[in-house]
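**Q** Following this message is one structure expressed as structure tokens.
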Amino acid sequence: MEYVILMKDDFGGFISRLAKLQKLAAPVSKGYNNFSFQEVSSGDEVALKYIPTIIPPKKFFMPRQETLLEFNTAKGLEVKPVVEHEKITLFGVHTCDLAGIQCINMVFSIRPRDYNYLIRKRKIDIIGLECNEYCDEYASCCLVSSHLPSGGYDLFLTDLGDYFIAHVNTQVGEDIVESIKYFKSAEASNLEELKSLRERKRALFKNEVPIEPRLIPEMFDRAFESGVWKDLEERCLACGNCTNVCPTCYCFDIIDETDMDLKTGRRYRNWDSCQLEPFAKVAGGESFRKERSARQRHRYYRKFRYPVSKFARFFCTGCGRCSRACMAKINLKETLNSLLNDRYASKPFINDEI
């Protein structure tokens, strides 16, 4: 593994040069402790210390609205596939969002592969940025092991006071280091400082819910009939905020739209949400998840149970966005604690069966 260092005094020059190589997006303060990934051209615009952005960087990989094809019926049926993409570098991606990108990479890489997504993904370079402490009280990144870097980036920066230490993870990362010219090789003392920081983090970051992560899937196995879901139903507004801001939600709807000439048009996809009542409605008006309790339950199972069976990992990254965005103040950590204390879900833990 190759490590290099970037002095803080050179950060502004680093960002300026990076922005000249290709389009650059980074976290930017929007006021009132809100942040958003936006195009930047100077270091002054970048928020180095920020809580997770309103919308995750998933939006660059899977746009909220995306054209898939264009058609013309004027002379027969002409169909033109469309792949919308651009070269871009994302700077300052936290480990929770790196984990989210890894999750949707897995989803769209299995058959049937989503080539629109995969082509766009290859055009995006990622520079990660480590959190040295908790973002805020909503984070649960230690519970799902997303508080430490585990790949998914080209270059990864850690703030060590007067300088950043950067892990060069790919050829793209190496090319960035060579192009920028502000980096120099890390020494043994720099690596020792990084090791000390990680040790402090392991002491600071603890499971935010009092349960061993390996036991979470079995807790959900026993929680399907829990009364916790009815409690959520009484509070949930079914607005879909939680899924819109989630870094691992990937559901979409496909729409064919005809232009005013009734001859040309396009097919595009929009983000969709399992929290909206029409999502699970089929022909004849039947809905498989008409009750809000069923939809909330489905959301939690899609984070903590179903992907464990299919991908051997949680699809919750602990970013806390769903809790921050919920107008009904539904808090993910509180829900997990309620399930842990529920007579259905907690039975094996109370009886020491596992």
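In the structure tokens, chains take the letters A, B, ... in the order shown, each chain's residues start at 1, and ligands count up from 1 in the order shown.
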As number ranges by chain, please: all residues of range 215-296 of chain A that backbone DSSP puts in alpha helix (DSSP H).

**A** A: 216-221, 228-235, 241-244, 292-296

**Q** Would you mind exporting C-alpha atoms of the selected residues as a compact mmCIF listing (two decimals), in the first residue's frame?

**A**
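In the end it all went to again.txt:
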```txt
# COMPACT_ATOMS: atom_id res chain seq x y z
CA ILE A 216 -29.14 -8.54 13.92
CA PRO A 217 -30.39 -10.83 11.10
CA GLU A 218 -31.81 -13.31 13.59
CA MET A 219 -33.44 -10.50 15.53
CA PHE A 220 -35.26 -9.53 12.33
CA ASP A 221 -36.17 -13.16 11.67
CA VAL A 228 -43.02 -2.01 16.71
CA TRP A 229 -44.23 -1.83 13.10
CA LYS A 230 -47.71 -0.73 14.18
CA ASP A 231 -46.14 1.97 16.32
CA LEU A 232 -44.28 3.24 13.27
CA GLU A 233 -47.47 3.14 11.22
CA GLU A 234 -49.14 5.59 13.60
CA ARG A 235 -46.27 8.03 13.13
CA ASN A 241 -38.01 11.18 2.59
CA CYS A 242 -36.16 8.29 4.24
CA THR A 243 -35.66 6.41 0.97
CA ASN A 244 -34.89 9.52 -1.08
CA ARG A 292 -47.69 1.91 6.36
CA SER A 293 -46.54 -0.60 8.96
CA ALA A 294 -45.83 -3.12 6.19
CA ARG A 295 -43.93 -0.52 4.20
CA GLN A 296 -41.82 0.56 7.16
```

**Q** Quick one: contact table of range 21-90 of chain A to range 102-118 of chain A, 9 Å max, nearest atom pair and distance in Å to one decimal per residue, counting only C-alpha atoms, chain and number order, as a tab-separated table?

**A**
```
residue	atom	partner	partner_atom	distance
A:Lys58	CA	A:Ile104	CA	8.5
A:Phe61	CA	A:Tyr117	CA	6.5
A:Met62	CA	A:Tyr117	CA	6.6
A:Leu68	CA	A:Asn116	CA	7.8
A:Val82	CA	A:Asn116	CA	8.2
A:Val83	CA	A:Asn116	CA	5.6
A:Glu84	CA	A:Asn116	CA	7.5
A:His85	CA	A:Asn116	CA	8.5
```

**Q** Would you list the contacts of Leu21 in chain A as a CSV table (one decimal) with C-alpha atoms, in the first residue's frame, taking every protein, DNA or RNA residue within 10 Å and counting only C-alpha atoms, but skipping same-chain residues closer than 6 positions in sequence?

**A**
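Final file, result_22.csv:
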```
chain,number,residue,atom,x,y,z
A,87,LYS,CA,-16.2,12.5,-16.3
A,88,ILE,CA,-16.2,13.7,-12.7
A,89,THR,CA,-14.2,13.5,-9.6
A,176,ILE,CA,-4.0,12.1,-9.5
A,179,SER,CA,-0.7,15.2,-11.9
A,180,ILE,CA,-1.2,17.4,-8.9
```

**Q** Show which residues sit within 6 Å of Ser16 in chain A, as a PDB file with C-alpha atoms, in the first residue's frame. Count only C-alpha atoms, and ignore same-chain residues fewer than 3 positions away.

**A**
```
ATOM      1  CA  GLY A  13      -3.862  24.578  -4.672  1.00  0.00           C
ATOM      2  CA  ALA A  19     -10.839  21.033 -10.722  1.00  0.00           C
ATOM      3  CA  SER A  41     -13.299  25.057  -8.295  1.00  0.00           C
ATOM      4  CA  SER A  42     -11.460  26.247  -5.166  1.00  0.00           C
TER       5      SER A  42
END
```

**Q** Neighbouring residues of Leu48 in chain A were defined as those with any atom within 12 Å, considering only C-alpha atoms; residues of the same chain fewer than 6 positions away were excluded. Please report them as JSON, numbers by chain.

**A** {"A": [8, 11, 12, 15, 26, 27, 28, 29, 35, 37, 91, 92, 93, 94, 128, 129, 130, 131, 132, 135, 157, 158, 159, 164]}

**Q** With a distance cut-off of 7 Å and only C-alpha atoms, select the neighbouring residues of Glu208 in chain A, excluding the residue or stretch itself and same-chain residues fewer than 2 positions from it, and output the selection as an MDAnalysis selection string.

**A** chainID A and resid 140 142:143 206 210

**Q** Could you save those same residues with C-alpha atoms as a PDB file, in the first residue's frame?

**A**
```
ATOM      1  CA  SER A 140     -24.680   4.424  13.670  1.00  0.00           C
ATOM      2  CA  CYS A 142     -19.861   1.443  13.952  1.00  0.00           C
ATOM      3  CA  LEU A 143     -22.846  -0.919  14.197  1.00  0.00           C
ATOM      4  CA  LYS A 206     -18.827   1.776  19.749  1.00  0.00           C
ATOM      5  CA  PRO A 210     -26.522  -2.715  22.290  1.00  0.00           C
TER       6      PRO A 210
END
```

**Q** For each of A:Lys290, A:Phe311, A:Ile126, A:Thr264, take the minimum atom-to-atom distance to Phe71 in chain A, counting only C-alpha atoms, then give the residue where this is smallest.

**A**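 Among the listed residues, A:Thr264 lies closest to Phe71 in chain A.
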
**Q** One decimal, in Å: what's the spacing between CA of Ser196 in chain A and CA of Arg214 in chain A?

**A**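 So the two atoms, CA of Ser196 in chain A and CA of Arg214 in chain A, lie 27.3 Å apart.
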
**Q** Pick out the residues sitting within 8 Å of Leu336 in chain A, and hand them over as a list in words; count only C-alpha atoms, and ignore anything fewer than 4 positions along from it in its own chain.

**A**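 Residues meeting the cut-off are Val209, Leu332 and Leu340 of chain A.
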
**Q** Print the selection's residues with C-alpha atoms to a file, as an mmCIF file, in the first residue's frame.

**A**
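Output contents, as saved in out_18.cif:
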```cif
data_model
loop_
_atom_site.group_PDB
_atom_site.id
_atom_site.type_symbol
_atom_site.label_atom_id
_atom_site.label_comp_id
_atom_site.auth_asym_id
_atom_site.auth_seq_id
_atom_site.Cartn_x
_atom_site.Cartn_y
_atom_site.Cartn_z
ATOM 1 C CA VAL A 209 -27.266 -0.142 19.563
ATOM 2 C CA LEU A 332 -33.415 4.302 13.093
ATOM 3 C CA LEU A 340 -34.303 -5.374 20.694
#
```
